[in-house]
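Engineer: This structure is in structure tokens; I'll ask about it shortly.
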Amino acid sequence: MATTTVITDENLATAFPADLAAVPAEGNALEAVRQDLFRTLHAHYAAYLSAPEDFTQIPRLNTDPAIARLEQTWLDWEDAQVDLDRLPRTAEEFPDWFRALSANHVQPEFCRYLAEDATIAELALFFLAEELVDSRFDDLVALAQLGSSGAMKLVIGENYWDEMGQGSLDRMHTVLFEHSARYMRERLAEHGYDADEVICAEIFENASLTLMYGIHRHLIPRSVGALGLMEHSAPPRFTAMVAGCTRLGVPEDVITYQRIHVHVDEDHGAEWLDNVLTPLVETSPALLREICLGILTRERVANAYYQRVWQQMKALR
């Protein structure tokens, strides 16, 4: 598949500056360039995970040098953002380190806003911003189990089975999500907004990170780390969405997807820590480091994403 944006040294340097804090928050080229690059990368991954009937459009992995260059530049840049002093020194420290990090990765003010203050248009915007990740989460879980064995494979398999609605088509999480998404698109349209325009660089960046980790097998430690953090820290946001939707009279069938994840993700998060992450980090210091880099990078990308989407939500008022 041809890339939709020309990837050059100039736009890579603009998108991934050595000192992000020194870049002005408004009126600069960084946002536009990053959005174009991450949209291009996400389109590449989406094409790679296309349905079987679209097989002629599926790109071969690692054959586009421009995409490979973008990926490596981004990976190197993200690694440079990590404060290495935050990494746990030993596998024994990891469980407590992970629990503490996850507990701090719940965006309490954002969740309070969702639950108590957000309008229906704002909730709809956030829900649709989540679509690029949530509509692919079953694929990410499926990719994560490749090569695993024993209790680890069972835990990831149980997670996937839950994504499949435990065998019920009507309860498949992607089916439930799309049902909710249709309702939210209608609410956004009623307020004069096009759901396709609810985009920013951070939405594509957030989705592309987990796809890059999942698709490239050498990044599997980072994938399981990022997915573990997502599962472990998600329940408060789903709880807030349920509260906000209930407050605004959203039909119960539209909230089913969020309500299920309040408890399912809580269980998955604990099992993922005990049976996937902890056994893996005990294998070697190198694996401990890679998993933790995936966790900390997911934390940074997600925090930037939630902050930017919250700004977009409040701009609807």
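Quick note on naming: the chains in the structure tokens go A, B, ... in the order shown, residues restart at 1 in each chain, and ligands are numbered from 1 in order of appearance.
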Find the spatial neighbours of A:Pro59, counting only C-alpha atoms, within a cut-off of 10 Å - ignore same-chain residues fewer than 4 positions away - and output them as an MDAnalysis selection string.
Structural biologist: chainID A and resid 1:2 44:50 55 63:64
Engineer: Let's have the selection written as a CSV table (one decimal), in the first residue's frame, with C-alpha atoms.
Structural biologist:
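For reference, part_14.csv as written:
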chain,number,residue,atom,x,y,z
A,1,MET,CA,0.0,0.0,0.0
A,2,ALA,CA,1.4,3.4,-0.9
A,44,HIS,CA,-1.0,1.1,7.0
A,45,TYR,CA,-1.8,-1.0,10.1
A,46,ALA,CA,-5.6,-1.0,9.4
A,47,ALA,CA,-4.8,-2.3,5.8
A,48,TYR,CA,-2.5,-5.0,7.2
A,49,LEU,CA,-5.4,-6.2,9.5
A,50,SER,CA,-8.0,-6.0,6.7
A,55,PHE,CA,-6.6,-9.7,0.7
A,63,THR,CA,8.5,-3.9,2.8
A,64,ASP,CA,7.7,-0.2,2.8
Engineer: Please identify all polymer residues within 10 Å of A:Phe137, counting only C-alpha atoms, omitting same-chain residues fewer than 6 positions from it, and present them as a VMD selection string.
Structural biologist: chain A and resid 131 143 160 163 173 to 174 207 210 to 211 227
Engineer: Store the residues picked out above, limited to C-alpha atoms, as an mmCIF file, in the first residue's frame.
Structural biologist:
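Ended up saving to again-v8.cif:
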data_model
loop_
_atom_site.group_PDB
_atom_site.id
_atom_site.type_symbol
_atom_site.label_atom_id
_atom_site.label_comp_id
_atom_site.auth_asym_id
_atom_site.auth_seq_id
_atom_site.Cartn_x
_atom_site.Cartn_y
_atom_site.Cartn_z
ATOM 1 C CA GLU A 131 -13.126 3.797 18.301
ATOM 2 C CA LEU A 143 -1.809 -11.053 18.392
ATOM 3 C CA TYR A 160 -10.089 -13.015 23.934
ATOM 4 C CA GLU A 163 -14.001 -10.120 23.621
ATOM 5 C CA HIS A 173 -17.525 -6.581 22.199
ATOM 6 C CA THR A 174 -16.943 -5.190 18.711
ATOM 7 C CA ALA A 207 -4.227 3.781 18.232
ATOM 8 C CA THR A 210 -0.703 -0.595 20.284
ATOM 9 C CA LEU A 211 -1.029 -1.678 16.658
ATOM 10 C CA LEU A 227 -2.160 -4.073 27.056
#
Engineer: Between A:Glu266, A:Val281, A:Ile220, A:Leu70, which residue has the minimum interatomic distance to A:Ser148, considering only C-alpha atoms?
Structural biologist: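 Counting only C-alpha atoms, the residue closest to A:Ser148 is A:Ile220.
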Engineer: Extract, using only C-alpha atoms, all DNA, RNA and protein residues at most 12 Å from A:Gln312, discarding same-chain residues fewer than 6 positions from it, and format them as JSON, numbers by chain.
Structural biologist: {"A": [118, 121, 122, 123, 124, 125, 126, 129, 193, 197, 198, 199, 200, 202, 203, 305, 306]}
Engineer: Take the selection from the previous step and output its residues with N, CA and C atoms, as a PDB file, in the first residue's frame.
Structural biologist:
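That gives us selection16.pdb:
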ATOM      1  N   ALA A 118     -20.025  16.290  31.716  1.00  0.00           N
ATOM      2  CA  ALA A 118     -20.005  16.225  30.250  1.00  0.00           C
ATOM      3  C   ALA A 118     -21.413  16.202  29.670  1.00  0.00           C
ATOM      4  N   ALA A 121     -23.055  15.435  23.778  1.00  0.00           N
ATOM      5  CA  ALA A 121     -22.146  15.611  22.639  1.00  0.00           C
ATOM      6  C   ALA A 121     -20.705  15.349  23.054  1.00  0.00           C
ATOM      7  N   GLU A 122     -20.343  15.776  24.248  1.00  0.00           N
ATOM      8  CA  GLU A 122     -18.976  15.552  24.733  1.00  0.00           C
ATOM      9  C   GLU A 122     -18.721  14.067  24.974  1.00  0.00           C
ATOM     10  N   LEU A 123     -19.682  13.381  25.588  1.00  0.00           N
ATOM     11  CA  LEU A 123     -19.532  11.936  25.784  1.00  0.00           C
ATOM     12  C   LEU A 123     -19.433  11.224  24.445  1.00  0.00           C
ATOM     13  N   ALA A 124     -20.225  11.669  23.478  1.00  0.00           N
ATOM     14  CA  ALA A 124     -20.190  11.055  22.152  1.00  0.00           C
ATOM     15  C   ALA A 124     -18.831  11.253  21.499  1.00  0.00           C
ATOM     16  N   LEU A 125     -18.274  12.452  21.643  1.00  0.00           N
ATOM     17  CA  LEU A 125     -16.957  12.715  21.063  1.00  0.00           C
ATOM     18  C   LEU A 125     -15.914  11.778  21.665  1.00  0.00           C
ATOM     19  N   PHE A 126     -15.907  11.653  22.990  1.00  0.00           N
ATOM     20  CA  PHE A 126     -14.929  10.772  23.630  1.00  0.00           C
ATOM     21  C   PHE A 126     -15.130   9.327  23.194  1.00  0.00           C
ATOM     22  N   ALA A 129     -13.777   8.901  19.782  1.00  0.00           N
ATOM     23  CA  ALA A 129     -12.316   8.987  19.776  1.00  0.00           C
ATOM     24  C   ALA A 129     -11.694   7.650  20.156  1.00  0.00           C
ATOM     25  N   TYR A 193     -22.095  18.345  14.562  1.00  0.00           N
ATOM     26  CA  TYR A 193     -20.706  17.927  14.413  1.00  0.00           C
ATOM     27  C   TYR A 193     -20.619  16.644  13.600  1.00  0.00           C
ATOM     28  N   GLU A 197     -14.793  14.370  11.661  1.00  0.00           N
ATOM     29  CA  GLU A 197     -13.933  15.517  11.919  1.00  0.00           C
ATOM     30  C   GLU A 197     -13.396  15.518  13.348  1.00  0.00           C
ATOM     31  N   VAL A 198     -13.806  14.550  14.135  1.00  0.00           N
ATOM     32  CA  VAL A 198     -13.330  14.444  15.516  1.00  0.00           C
ATOM     33  C   VAL A 198     -11.984  13.724  15.486  1.00  0.00           C
ATOM     34  N   ILE A 199     -10.997  14.417  14.992  1.00  0.00           N
ATOM     35  CA  ILE A 199      -9.681  13.804  14.837  1.00  0.00           C
ATOM     36  C   ILE A 199      -8.612  14.753  15.345  1.00  0.00           C
ATOM     37  N   CYS A 200      -7.513  14.196  15.768  1.00  0.00           N
ATOM     38  CA  CYS A 200      -6.328  14.953  16.135  1.00  0.00           C
ATOM     39  C   CYS A 200      -5.164  13.976  16.111  1.00  0.00           C
ATOM     40  N   GLU A 202      -3.226  12.987  18.383  1.00  0.00           N
ATOM     41  CA  GLU A 202      -3.160  12.080  19.525  1.00  0.00           C
ATOM     42  C   GLU A 202      -4.074  10.869  19.376  1.00  0.00           C
ATOM     43  N   ILE A 203      -5.194  11.016  18.673  1.00  0.00           N
ATOM     44  CA  ILE A 203      -6.088   9.877  18.458  1.00  0.00           C
ATOM     45  C   ILE A 203      -5.397   8.819  17.608  1.00  0.00           C
ATOM     46  N   TYR A 305      -3.184  11.775  24.952  1.00  0.00           N
ATOM     47  CA  TYR A 305      -4.444  11.539  24.238  1.00  0.00           C
ATOM     48  C   TYR A 305      -5.635  11.998  25.063  1.00  0.00           C
ATOM     49  N   TYR A 306      -5.713  11.585  26.333  1.00  0.00           N
ATOM     50  CA  TYR A 306      -6.856  11.968  27.162  1.00  0.00           C
ATOM     51  C   TYR A 306      -6.909  13.484  27.339  1.00  0.00           C
TER      52      TYR A 306
END
Engineer: Identify, on the basis of only C-alpha atoms, every residue whose closest approach to A:Tyr183 does not exceed 12 Å; exclude the query and any residue fewer than 2 positions from it along the same chain; express the result as a VMD selection string.
Structural biologist: chain A and resid 120 to 121 123 to 125 127 to 128 176 to 181 185 to 190 195 245 250 to 255
Engineer: Name the closest residue to A:Asp96 among the candidates A:Leu273, A:Ala304, A:Leu30, A:Leu41; distances are taken between atoms, counting only C-alpha atoms.
Structural biologist: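 Smallest distance to A:Asp96 is found for A:Leu273.
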Engineer: Report as an MDAnalysis selection string all protein, DNA and RNA residues lying within 12 Å of A:Gln307, evaluated on only C-alpha atoms, omitting residues in the same chain fewer than 4 positions from it.
Structural biologist: chainID A and resid 107:111 126 200 202:203 206 300:303 311:314
Engineer: Which residue out of A:Arg217, A:Arg247, A:His232, A:Arg259 has the minimum interatomic distance to A:Ala100 when only C-alpha atoms are used?
Structural biologist: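 Among the listed residues, the smallest separation from A:Ala100 belongs to A:His232.
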Engineer: Please report the interatomic distance between atom CA of A:Met164 and atom CA of A:Val141 in Å with one decimal.
Structural biologist: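 Atom CA of A:Met164 sits 11.0 Å away from atom CA of A:Val141.
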Engineer: When you count only C-alpha atoms, which of these residues is closest to A:Asp117: A:Arg89, A:Pro95, A:Ala243, A:Gly269?
Structural biologist: A:Ala243
Engineer: Counting only C-alpha atoms, figure out which residue out of A:Thr14, A:Ser284, A:Thr256, A:Thr5 gets nearest to A:Trp74.
Structural biologist: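 Going through A:Thr14, A:Ser284, A:Thr256, A:Thr5 one by one, the smallest distance to A:Trp74 is for A:Thr14.
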Engineer: Excluding same-chain residues fewer than 3 positions from A:Val82, what lies within 9 Å of it counting only C-alpha atoms, as a PyMOL selection string?
Structural biologist: chain A and resi 78-79+85-87+293+296-297+300
Engineer: Would you save the residues of that selection, restricted to C-alpha atoms, as a compact mmCIF listing (two decimals), in the first residue's frame?
Structural biologist:
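What landed in selection.txt:
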# COMPACT_ATOMS: atom_id res chain seq x y z
CA GLU A 78 9.50 7.52 22.57
CA ASP A 79 12.41 5.73 24.25
CA ASP A 85 15.01 6.25 36.78
CA ARG A 86 11.33 5.26 36.81
CA LEU A 87 12.08 1.69 35.71
CA LEU A 293 9.30 0.58 28.32
CA LEU A 296 5.71 3.79 30.32
CA THR A 297 5.32 4.67 26.65
CA ARG A 300 2.78 8.90 28.09
Engineer: So which one's closest to A:Arg99, A:Gly150, A:Gly165, A:Gly228, A:Pro221? Using only C-alpha atoms, please.
Structural biologist: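 Smallest separation from A:Arg99 among the options: A:Gly228.
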Engineer: So the first atom is atom CA of A:Gly192 and the second is atom CA of A:Arg317; what is the distance between them in Å, to one decimal place?
Structural biologist: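 One can read the atom CA of A:Gly192 to atom CA of A:Arg317 distance as 11.9 Å.
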Engineer: Just asking: which residues within stretch 122-285 of chain A are helix (DSSP H, G or I) according to DSSP, as a VMD selection string?
Structural biologist: chain A and resid 122 to 129 131 to 134 137 to 144 150 to 163 165 to 167 169 to 171 173 to 190 195 to 197 201 to 215 217 to 233 235 to 247 252 to 281 285
Engineer: Next, dump the selected residues to file, keeping only C-alpha atoms, as a tab-separated table (two decimals), in the first residue's frame.
Structural biologist:
chain	number	residue	atom	x	y	z
A	122	GLU	CA	-18.98	15.55	24.73
A	123	LEU	CA	-19.53	11.94	25.78
A	124	ALA	CA	-20.19	11.06	22.15
A	125	LEU	CA	-16.96	12.71	21.06
A	126	PHE	CA	-14.93	10.77	23.63
A	127	PHE	CA	-16.63	7.50	22.76
A	128	LEU	CA	-15.90	7.95	19.06
A	129	ALA	CA	-12.32	8.99	19.78
A	131	GLU	CA	-13.13	3.80	18.30
A	132	LEU	CA	-9.72	3.36	16.67
A	133	VAL	CA	-8.52	1.34	19.67
A	134	ASP	CA	-11.67	-0.36	20.95
A	137	PHE	CA	-8.88	-4.60	20.72
A	138	ASP	CA	-9.84	-8.20	19.97
A	139	ASP	CA	-7.18	-8.31	17.24
A	140	LEU	CA	-4.60	-6.89	19.64
A	141	VAL	CA	-5.38	-9.61	22.19
A	142	ALA	CA	-5.23	-12.29	19.50
A	143	LEU	CA	-1.81	-11.05	18.39
A	144	ALA	CA	-0.57	-10.94	21.98
A	150	GLY	CA	0.54	-22.56	29.71
A	151	ALA	CA	-1.27	-20.28	32.14
A	152	MET	CA	-0.19	-17.24	30.15
A	153	LYS	CA	-1.96	-18.47	27.02
A	154	LEU	CA	-5.05	-19.39	29.03
A	155	VAL	CA	-5.31	-15.92	30.54
A	156	ILE	CA	-4.93	-14.19	27.19
A	157	GLY	CA	-7.31	-16.74	25.66
A	158	GLU	CA	-9.91	-16.03	28.35
A	159	ASN	CA	-9.52	-12.33	27.63
A	160	TYR	CA	-10.09	-13.02	23.93
A	161	TRP	CA	-13.10	-15.24	24.66
A	162	ASP	CA	-14.65	-12.40	26.61
A	163	GLU	CA	-14.00	-10.12	23.62
A	165	GLY	CA	-18.91	-12.41	23.88
A	166	GLN	CA	-18.17	-15.91	25.18
A	167	GLY	CA	-19.50	-17.34	21.94
A	169	LEU	CA	-22.52	-12.91	18.41
A	170	ASP	CA	-24.83	-10.36	20.03
A	171	ARG	CA	-22.42	-10.04	22.97
A	173	HIS	CA	-17.52	-6.58	22.20
A	174	THR	CA	-16.94	-5.19	18.71
A	175	VAL	CA	-20.66	-5.68	17.94
A	176	LEU	CA	-21.67	-3.96	21.18
A	177	PHE	CA	-19.21	-1.16	20.53
A	178	GLU	CA	-20.52	-0.51	17.02
A	179	HIS	CA	-24.10	-0.43	18.34
A	180	SER	CA	-23.06	2.23	20.85
A	181	ALA	CA	-21.01	4.08	18.22
A	182	ARG	CA	-24.02	4.43	15.91
A	183	TYR	CA	-26.01	6.05	18.72
A	184	MET	CA	-23.14	8.38	19.61
A	185	ARG	CA	-22.61	9.43	15.98
A	186	GLU	CA	-26.29	10.40	15.80
A	187	ARG	CA	-26.04	12.45	19.00
A	188	LEU	CA	-22.96	14.25	17.71
A	189	ALA	CA	-24.67	14.95	14.37
A	190	GLU	CA	-27.69	16.39	16.19
A	195	ALA	CA	-17.86	12.40	13.69
A	196	ASP	CA	-15.26	12.11	10.93
A	197	GLU	CA	-13.93	15.52	11.92
A	201	ALA	CA	-2.79	13.63	16.09
A	202	GLU	CA	-3.16	12.08	19.53
A	203	ILE	CA	-6.09	9.88	18.46
A	204	PHE	CA	-4.06	8.29	15.67
A	205	GLU	CA	-0.94	8.13	17.84
A	206	ASN	CA	-2.82	6.37	20.63
A	207	ALA	CA	-4.23	3.78	18.23
A	208	SER	CA	-1.03	3.33	16.24
A	209	LEU	CA	1.12	2.58	19.29
A	210	THR	CA	-0.70	-0.60	20.28
A	211	LEU	CA	-1.03	-1.68	16.66
A	212	MET	CA	2.70	-1.23	16.05
A	213	TYR	CA	3.50	-3.17	19.21
A	214	GLY	CA	1.08	-5.96	18.33
A	215	ILE	CA	1.92	-6.38	14.66
A	217	ARG	CA	6.69	-9.62	16.85
A	218	HIS	CA	9.98	-8.22	18.16
A	219	LEU	CA	7.90	-5.66	20.09
A	220	ILE	CA	5.69	-8.27	21.80
A	221	PRO	CA	7.12	-7.50	25.28
A	222	ARG	CA	6.03	-3.91	24.85
A	223	SER	CA	2.65	-5.05	23.56
A	224	VAL	CA	1.84	-7.19	26.60
A	225	GLY	CA	3.05	-4.40	28.88
A	226	ALA	CA	0.89	-1.78	27.19
A	227	LEU	CA	-2.16	-4.07	27.06
A	228	GLY	CA	-1.68	-4.96	30.71
A	229	LEU	CA	-1.74	-1.29	31.67
A	230	MET	CA	-4.81	-0.70	29.50
A	231	GLU	CA	-6.73	-3.54	31.14
A	232	HIS	CA	-5.60	-2.70	34.67
A	233	SER	CA	-6.37	1.03	34.50
A	235	PRO	CA	-12.34	0.35	34.90
A	236	PRO	CA	-12.52	3.91	36.35
A	237	ARG	CA	-13.04	5.40	32.88
A	238	PHE	CA	-15.72	2.86	32.01
A	239	THR	CA	-17.37	3.50	35.39
A	240	ALA	CA	-17.36	7.23	34.65
A	241	MET	CA	-18.83	6.69	31.19
A	242	VAL	CA	-21.63	4.56	32.63
A	243	ALA	CA	-22.36	7.25	35.23
A	244	GLY	CA	-22.33	10.02	32.64
A	245	CYS	CA	-24.52	8.13	30.18
A	246	THR	CA	-26.99	7.18	32.92
A	247	ARG	CA	-27.14	10.81	34.08
A	252	GLU	CA	-29.31	0.94	28.65
A	253	ASP	CA	-28.54	-1.11	25.54
A	254	VAL	CA	-26.16	1.62	24.41
A	255	ILE	CA	-24.31	1.47	27.73
A	256	THR	CA	-23.92	-2.32	27.74
A	257	TYR	CA	-20.44	-2.19	26.23
A	258	GLN	CA	-19.16	0.19	28.92
A	259	ARG	CA	-20.95	-1.58	31.76
A	260	ILE	CA	-19.44	-4.96	30.84
A	261	HIS	CA	-15.93	-3.53	30.88
A	262	VAL	CA	-16.21	-2.10	34.39
A	263	HIS	CA	-15.83	-5.58	35.89
A	264	VAL	CA	-14.35	-7.59	33.02
A	265	ASP	CA	-11.31	-5.34	32.67
A	266	GLU	CA	-10.81	-5.34	36.44
A	267	ASP	CA	-10.56	-9.14	36.38
A	268	HIS	CA	-8.42	-9.16	33.24
A	269	GLY	CA	-6.03	-6.59	34.68
A	270	ALA	CA	-5.34	-8.64	37.81
A	271	GLU	CA	-4.94	-11.88	35.85
A	272	TRP	CA	-2.70	-10.20	33.28
A	273	LEU	CA	-0.38	-8.95	36.03
A	274	ASP	CA	-0.20	-12.28	37.88
A	275	ASN	CA	-0.04	-14.69	34.96
A	276	VAL	CA	1.41	-12.75	32.03
A	277	LEU	CA	3.56	-9.82	33.10
A	278	THR	CA	5.07	-11.08	36.34
A	279	PRO	CA	6.23	-14.46	34.96
A	280	LEU	CA	7.72	-12.73	31.93
A	281	VAL	CA	9.71	-10.10	33.83
A	285	PRO	CA	16.46	-8.16	32.99
Engineer: Measure the distance from atom CA of A:Arg34 to atom CA of A:Val309 in Å and round it to one decimal.
Structural biologist: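 That distance, rounded to one decimal, is 15.6 Å.
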